[in-house]
Amino acid sequence: MKLRGQLILSHVVLVLTGTLLIGTVNLFLALRSTADSEKLALARTAAVGANQLQQRLDALRRAAHESATLVTRLPEGSPVGATVALNELLQRYRCERVEVFTGLSRSASAYRWERGSDPLLHTHWLPAEPRVATRIASGQDATWVQSGGSGPASLKVCVPVPATHAGQKKWVVVTEPLDGLLLSTLAPGVASVALLAGDRLLSRWPAPATGAPEGSATAKTPLAAGGFERFFEPVRASRAITVLDSGQPLSLRLEDPAVASAVALTRSVRAWFLIALGGLLVAGVLGSGVAARLLAPLQALLDGTAAMARGHLMVRLPPQGRNELGALTVEFNRMADELRRTYMGVIATLAEVVEAKSHFTREHIERVERLAMATADALERRGWARFSSQRRFTLSVAAVLHDVGKISISGDILNKSGPLDDGERREILTHPERGALIVERMGKLGAAAEIIRCAHEHFDGSGYPRGLKGEEIPIEARIILAVDAYDAMTADRPYSQRRSPEEAIAELRAEAGRQFDPVVVEALIDAVQASPDRWAASSSDTGLYRLLNSDNFSTPSDFNALPRVGRG
Amino acid sequence: MLVVAVVAIVTSCGDERERQVRLKVGTFWGGAAAEALGEEIRLACQDLEAVDAEVQLFNLSSLHERLLSESGTDSGSGLDLALIPNDWFGVLTERALIGELPAHQANVLRERLLTEALQAVSQDDRLFGYPISAEVLVLIYNPKLLPQEPKTLDDIFSVPLASGIVPFSIDLANIYHLAALLSSYQGSVSRVDGSFAWDPAAAVKVFRSLAPLWNNPDARAIATATDPASLHVQLFAEERLASFVAGPWLIPALASAGRLYAVAPIPPFRDSRHPARALVGYQSLVVIRQSPWADLAHDVALRLLNLESQLHLAARTARLPVVRGAFTSGAATANPASLGFLRAMENGQIMPSAAVWEQGLRTAGGRLRAAVRARAADPLSLLLSDLAEGVS
């Protein structure tokens with residue numbers, strides 16, 4: 001993986017870890033808070049339900065006492081009348097059943113029917129619990145719970161009827177079924193409501209399905225809270241209501257699925273996902289920015305090294321700062337300086353040999369180089385070509401050494417004032433190839449060597465050594481050819497008379513399309529006309545020649561632009 | 001990062017429960033009938049994704065109040081569906097609390113239901129509810145005490161019974177119960193415009209014909225009691241009542257009492273010129289207009305109108321189905337008791353779904369109840385003079 005990817009990934013991992021930690025803490029706190037709230041709410045519901053049942057029990061006792069008083073006034077021998085009277089009383093207290101027992105026999109009864117209630121509530125006189133039976137026999141009030149067999153259990157209140165003139169002992173028993181109808185009203189909205197006498201389950205709502213295991217009735221909740229309910233134990237709350245005369249405490253037990261906790265978990269997980277997603281986006285953007293900032297100097301070093309490897313010897317990187325990357329940049333520049341110094345020394349030596357070997361002056365070489373660079377500028381201005389710093393350097397080297405091949409040509413031939421014979425001419429025609437080979441051997445200057453090799457090719461293909469034409473000839477070679485010709489025409493030569501710039505321009509235009517590239521000619525004319533005097537005088541304050549005569553290769557120049565690998 | 005976190009938390013604050021629609025269904029049915037209705041509605045909900053139902057039980061008056069208060073409540077806290085008798089339609093549609101059925105549902109109803117059931121939920125050919133069962137008041141009698149099905153009420157009073165056995169009882173303060181006897185003297189109890197017709201002369205005739213009941217202290221005590229239905233069931237189960245007028249809702253109680261019973265249409269009096277036409281009511285599901293889930297509620301209600309659901313409801317509620325298929329297949333009359341209800345329904349009169357009917361019936365019912373309760377301990381002549389002055 002690239003360093004950039006590693007940096008972004010490290011940001012993402014860091015953010016994910018942070019959000020995971022925050023999310024976990026948030027989740028823990030939310031769940032704990034919600035669970036406490038849920039338990040508290042259910043405990044409150046249980047307290048309210050227990051209070052309701054206590055009030056119900058009080059109403060049963062009042063109904064029982066009032067029934068006992070009523071029984072003493074019931075018309076003898078009128079069972080229907082007794083039933084109607086007791087029914088009215090039940091209607092007032094909203095109780096379900098009242099029975100009057102004389103001894104062990106039921107002598108009167110009434111019940112209140114409501115849609116859905118069971119009129120055949122099986123009741124048994126005299127409870128099995130000895131303690132309750134003893135209380136009844138001794139004429140005390142008694143409250144107990146009686147199991148209903150297959151039906152629901154019943155809450156029963158027994159009070160003795162005040163003695164009548166007949167002297168018969170009678171008891172009134174008021175019964176309230178502990179059925180689903182009652183239980184569902186005690187804690188509306190709660191999944192499971194149960195009544196217990198001690199540890200014994202008396203009744204539960206909703207009733208478990210036949211054959212279902214204990215507790216299964218609470219497993220189902222009609223509303224799904226993201227499916228997380230299964231991760232939580234149901235919330236439970238118990239509340240004591242009263243102590244029955246059997247000695248057992250009557251208590252209400254509620255059970256509800258932890259929906260709120262599940263909802264809280266769902267919310268927290270969703271929030272965590274959203275935060276993590278947002279964090280990832282931010283981490284990606286930030287990581288990318290940081291990576292770009294950190295990697296920019298490294299990228300410049302990489303580009304500089306690659307450019308130098310491709311022969312762009314004038315690469316120089318801008319200073320980076322005082323960190324390790326800055327030190328590395330300084331060292332790179334120092335190494336590049338050394339390399340440049342070596343190459344420049346060789347180029348300078350070759351230039352001096354060419355000067356010594358031929359009748360060319362140092363000024364000619366310098367003018368050709370400078371005018372070639374000016375022509376490249378003009379081409380760029382016109383939008384006909386673009387020259388990167390590397391191409392400029394290559395053009396400059398090629399301009400300086402364009403005739404270096406002549407050092408391998410005999411001085412007699414080279415400086416012969418008279419016409420050359422065929423053998424001499426063939427010898428002369430080999431100098432571009434020889435120059436290219438010399439430059440190639442220097443290494444890193446392959447592009448300049450190719451320009452030198454083509455520097456005598458004509459636009460129409462009539463040049464040498466290979467007879468290339470048009471676009472087959474590198475534009476740098478076309479520039480050098482035109483510039484060299486212009487300078488040769490406008491400079492003093494032993495074998496020809498100097499011409500004026502105007503005459504030289506006319507000659508160039510005359511040869512445009514044949515010997516010279518018309519575009520290059522126009523650019524050259526632009527360069528000459530922009531500053532005609534400049535090319536006439538010798539100057540060594542700019543260009544490669546300035547560098548060749550300088551020991552300080554660290555000085556910024558046209559060639560020092562930071563190269564970009566892959567962009568020319 | 002902070003902004004992203006805040007946005008994430010805010011967007012996650014929606015209640016998870018909102019994902020699932022929970023339809024609130026109000027019903028005045030109780031016990032096994034309510035359980036059966038709940039089962040059928042939940043089955044219907046299972047076909048619809050993410051829909052559940054919560055059945056809430058009301059007594060008749062509290063459900064009526066709840067529905068009429070819907071217009072003033074937040075739509076989120078009201079009912080979505082309600083099971084109501086069809087004679088409530090008038091006021092509910094007048095107040096725009098229930099809406100017309102969508103075209104698709106209406107077409108399905110017209111295709112499947114009995115004409116009478118459609119008539120019960122129609123106004124100007126527009127349907128406003130989904131009838132799911134029919135109920136009618138009948139005479140329930142003990143065939144051991146009354147070996148022959150009584151042709152007239154006078155026949156019942158003329159049967160010699162042991163002392164302490166009441167021959168016949170009816171909730172005298174209940175206008176619904178008395179309507180059949182009124183119609184035996186005055187013909188229909190509804191006018192052309194759907195309003196309730198109370199003829200004082202017919203009422204006097206009815207109570208005069210019921211003199212044997214009024215003159216029996218036990219029978220009068222039952223018939224004028226606050227809770228005659230409980231007394232009817234208990235005394236019938238104890239064989240101290242030979243016959244009484246009741247609706248199908250008492251059938252499960254009688255069945256569990258283990259007492260033999262027979263069902264017949266309410267007989268007229270011997271001197272009646274018309275049959276005793278009991279009121280026929282159609283229990284119908286209506287969709288509350290303010291419900292945010294009205295479209296789902298319509299879907300759920302429509303799913304109850306299949307033969308299987310109808311027969312299940314009929315079996316558990318002792319009421320009659322309303323889809324044609326139940327009658328063409330004979331499934332509707334499989335229960336012997338249902339034959340008696342069917343005969344009574346064919347002989348009965350459908351309660352109009354006009355607002356004037358409900359208003360008139362309530363007014364007359366309130367005055368009848370006040371008159372009967374006020375004279376419960378007085379001679380019949382005083383009650384008859386009250387009735388002659390008119391109660392409507």
# chains A, B, ... in the order shown; residues from 1 in each chain; ligands from 1

$ select_by_dssp --residues "range 416-500 of chain A" --states "helix (DSSP H, G or I)" --output "count of residues only"
47

$ residues_around --residues "range 282-289 of chain B" --least-positions-apart "2" --cutoff "7 Å" --atoms "only C-alpha atoms" --output "ChimeraX atom specification"
/B:79-86,97-99,117,120,128-135,280,291,294,297-298,301

$ residues_around --residues "Val520 in chain A" --least-positions-apart "4" --cutoff "9 Å" --atoms "only C-alpha atoms" --output "list in words"
Thr375, Ala376, Ala378, Leu379, Ile475, Arg478, Ile479, Ala482, Ala512, Phe516, Leu524 and Ile525 of chain A

$ atom_distance --atom1 "CA of Leu320 in chain B" --atom2 "CA of Ser122 in chain B"
19.2 Å

$ residues_around --residues "Glu507 in chain A" --least-positions-apart "4" --cutoff "10 Å" --atoms "only C-alpha atoms" --output "PyMOL selection string"
chain A and resi 485-486+489+499+501-503+511-512

$ residues_around --residues "Gln123 in chain B" --least-positions-apart "4" --cutoff "12 Å" --atoms "only C-alpha atoms" --output "ChimeraX atom specification"
/B:86-87,89-94,99-101,118-119,127-129,193-194,352-355

$ write_last_selection --atoms "N, CA, C and O atoms" --output "PDB file, in the first residue's frame"
ATOM      1  N   ASN B  86     -75.400  -0.776  13.835  1.00  0.00           N
ATOM      2  CA  ASN B  86     -75.584   0.039  12.627  1.00  0.00           C
ATOM      3  C   ASN B  86     -76.460   1.261  12.869  1.00  0.00           C
ATOM      4  O   ASN B  86     -76.452   2.196  12.081  1.00  0.00           O
ATOM      5  N   ASP B  87     -77.235   1.286  13.981  1.00  0.00           N
ATOM      6  CA  ASP B  87     -78.078   2.468  14.169  1.00  0.00           C
ATOM      7  C   ASP B  87     -77.286   3.663  14.691  1.00  0.00           C
ATOM      8  O   ASP B  87     -77.836   4.718  14.918  1.00  0.00           O
ATOM      9  N   PHE B  89     -74.870   4.801  12.804  1.00  0.00           N
ATOM     10  CA  PHE B  89     -74.295   5.370  11.587  1.00  0.00           C
ATOM     11  C   PHE B  89     -74.776   6.787  11.312  1.00  0.00           C
ATOM     12  O   PHE B  89     -74.022   7.630  10.845  1.00  0.00           O
ATOM     13  N   GLY B  90     -76.070   7.011  11.601  1.00  0.00           N
ATOM     14  CA  GLY B  90     -76.654   8.301  11.259  1.00  0.00           C
ATOM     15  C   GLY B  90     -75.890   9.457  11.864  1.00  0.00           C
ATOM     16  O   GLY B  90     -75.427  10.367  11.158  1.00  0.00           O
ATOM     17  N   VAL B  91     -75.705   9.411  13.192  1.00  0.00           N
ATOM     18  CA  VAL B  91     -75.021  10.512  13.878  1.00  0.00           C
ATOM     19  C   VAL B  91     -73.554  10.576  13.461  1.00  0.00           C
ATOM     20  O   VAL B  91     -72.999  11.668  13.242  1.00  0.00           O
ATOM     21  N   LEU B  92     -72.923   9.421  13.336  1.00  0.00           N
ATOM     22  CA  LEU B  92     -71.492   9.415  13.001  1.00  0.00           C
ATOM     23  C   LEU B  92     -71.228   9.974  11.609  1.00  0.00           C
ATOM     24  O   LEU B  92     -70.253  10.707  11.403  1.00  0.00           O
ATOM     25  N   THR B  93     -72.098   9.640  10.675  1.00  0.00           N
ATOM     26  CA  THR B  93     -71.895  10.186   9.323  1.00  0.00           C
ATOM     27  C   THR B  93     -72.286  11.666   9.287  1.00  0.00           C
ATOM     28  O   THR B  93     -71.654  12.461   8.598  1.00  0.00           O
ATOM     29  N   GLU B  94     -73.324  12.001  10.058  1.00  0.00           N
ATOM     30  CA  GLU B  94     -73.743  13.401  10.095  1.00  0.00           C
ATOM     31  C   GLU B  94     -72.619  14.292  10.615  1.00  0.00           C
ATOM     32  O   GLU B  94     -72.409  15.406  10.138  1.00  0.00           O
ATOM     33  N   GLY B  99     -66.042   7.748   7.415  1.00  0.00           N
ATOM     34  CA  GLY B  99     -66.046   8.094   5.998  1.00  0.00           C
ATOM     35  C   GLY B  99     -66.654   6.991   5.151  1.00  0.00           C
ATOM     36  O   GLY B  99     -66.857   5.856   5.604  1.00  0.00           O
ATOM     37  N   GLU B 100     -66.942   7.368   3.925  1.00  0.00           N
ATOM     38  CA  GLU B 100     -67.486   6.399   2.975  1.00  0.00           C
ATOM     39  C   GLU B 100     -66.416   5.387   2.608  1.00  0.00           C
ATOM     40  O   GLU B 100     -65.221   5.703   2.590  1.00  0.00           O
ATOM     41  N   LEU B 101     -66.852   4.174   2.336  1.00  0.00           N
ATOM     42  CA  LEU B 101     -65.891   3.132   1.966  1.00  0.00           C
ATOM     43  C   LEU B 101     -65.274   3.447   0.596  1.00  0.00           C
ATOM     44  O   LEU B 101     -65.976   3.937  -0.298  1.00  0.00           O
ATOM     45  N   LEU B 118     -76.168  -4.896   3.587  1.00  0.00           N
ATOM     46  CA  LEU B 118     -75.745  -3.696   2.847  1.00  0.00           C
ATOM     47  C   LEU B 118     -76.661  -2.519   3.169  1.00  0.00           C
ATOM     48  O   LEU B 118     -76.202  -1.397   3.374  1.00  0.00           O
ATOM     49  N   GLN B 119     -77.945  -2.847   3.255  1.00  0.00           N
ATOM     50  CA  GLN B 119     -78.932  -1.794   3.543  1.00  0.00           C
ATOM     51  C   GLN B 119     -78.658  -1.167   4.917  1.00  0.00           C
ATOM     52  O   GLN B 119     -78.824   0.039   5.101  1.00  0.00           O
ATOM     53  N   LEU B 127     -71.849   3.325   1.075  1.00  0.00           N
ATOM     54  CA  LEU B 127     -71.578   2.412   2.186  1.00  0.00           C
ATOM     55  C   LEU B 127     -70.618   3.078   3.173  1.00  0.00           C
ATOM     56  O   LEU B 127     -69.639   3.706   2.780  1.00  0.00           O
ATOM     57  N   PHE B 128     -70.906   2.885   4.465  1.00  0.00           N
ATOM     58  CA  PHE B 128     -70.096   3.538   5.486  1.00  0.00           C
ATOM     59  C   PHE B 128     -69.464   2.562   6.476  1.00  0.00           C
ATOM     60  O   PHE B 128     -68.763   2.993   7.388  1.00  0.00           O
ATOM     61  N   GLY B 129     -69.736   1.281   6.329  1.00  0.00           N
ATOM     62  CA  GLY B 129     -69.152   0.342   7.290  1.00  0.00           C
ATOM     63  C   GLY B 129     -69.095  -1.066   6.733  1.00  0.00           C
ATOM     64  O   GLY B 129     -69.610  -1.348   5.645  1.00  0.00           O
ATOM     65  N   ASP B 193     -89.050   8.287   7.024  1.00  0.00           N
ATOM     66  CA  ASP B 193     -87.791   9.043   7.069  1.00  0.00           C
ATOM     67  C   ASP B 193     -86.772   8.397   8.001  1.00  0.00           C
ATOM     68  O   ASP B 193     -85.688   8.939   8.226  1.00  0.00           O
ATOM     69  N   GLY B 194     -87.119   7.246   8.553  1.00  0.00           N
ATOM     70  CA  GLY B 194     -86.165   6.535   9.414  1.00  0.00           C
ATOM     71  C   GLY B 194     -86.276   6.896  10.876  1.00  0.00           C
ATOM     72  O   GLY B 194     -85.573   6.339  11.712  1.00  0.00           O
ATOM     73  N   PRO B 352     -82.922   1.452  11.221  1.00  0.00           N
ATOM     74  CA  PRO B 352     -82.454   2.400  10.194  1.00  0.00           C
ATOM     75  C   PRO B 352     -81.128   3.026  10.616  1.00  0.00           C
ATOM     76  O   PRO B 352     -80.844   3.175  11.802  1.00  0.00           O
ATOM     77  N   SER B 353     -80.333   3.386   9.627  1.00  0.00           N
ATOM     78  CA  SER B 353     -79.040   4.011   9.935  1.00  0.00           C
ATOM     79  C   SER B 353     -79.128   5.527   9.804  1.00  0.00           C
ATOM     80  O   SER B 353     -78.190   6.173   9.370  1.00  0.00           O
ATOM     81  N   ALA B 354     -80.287   6.065  10.182  1.00  0.00           N
ATOM     82  CA  ALA B 354     -80.480   7.518  10.088  1.00  0.00           C
ATOM     83  C   ALA B 354     -80.265   8.149  11.456  1.00  0.00           C
ATOM     84  O   ALA B 354     -80.540   7.542  12.489  1.00  0.00           O
ATOM     85  N   ALA B 355     -79.777   9.378  11.423  1.00  0.00           N
ATOM     86  CA  ALA B 355     -79.509  10.072  12.685  1.00  0.00           C
ATOM     87  C   ALA B 355     -80.808  10.275  13.471  1.00  0.00           C
ATOM     88  O   ALA B 355     -80.824  10.168  14.703  1.00  0.00           O
TER      89      ALA B 355
END

$ residues_around --residues "range 226-233 of chain B" --least-positions-apart "4" --cutoff "7 Å" --atoms "only C-alpha atoms" --output "list in words"
Val84, Glu88, Tyr111, Arg112 and Trp113 of chain A; Asp171, Ile222, Ala237, Phe244 and Leu254 of chain B

$ atom_distance --atom1 "CA of Thr152 in chain B" --atom2 "CA of Ile165 in chain B"
19.0 Å

$ residues_around --residues "range 173-187 of chain B" --least-positions-apart "5" --cutoff "10 Å" --atoms "only C-alpha atoms" --output "VMD selection string"
chain B and resid 136 to 138 153 196 to 207 209 to 210 223 to 226 228 245 to 247 265 to 280 348 to 349 361 to 373 376
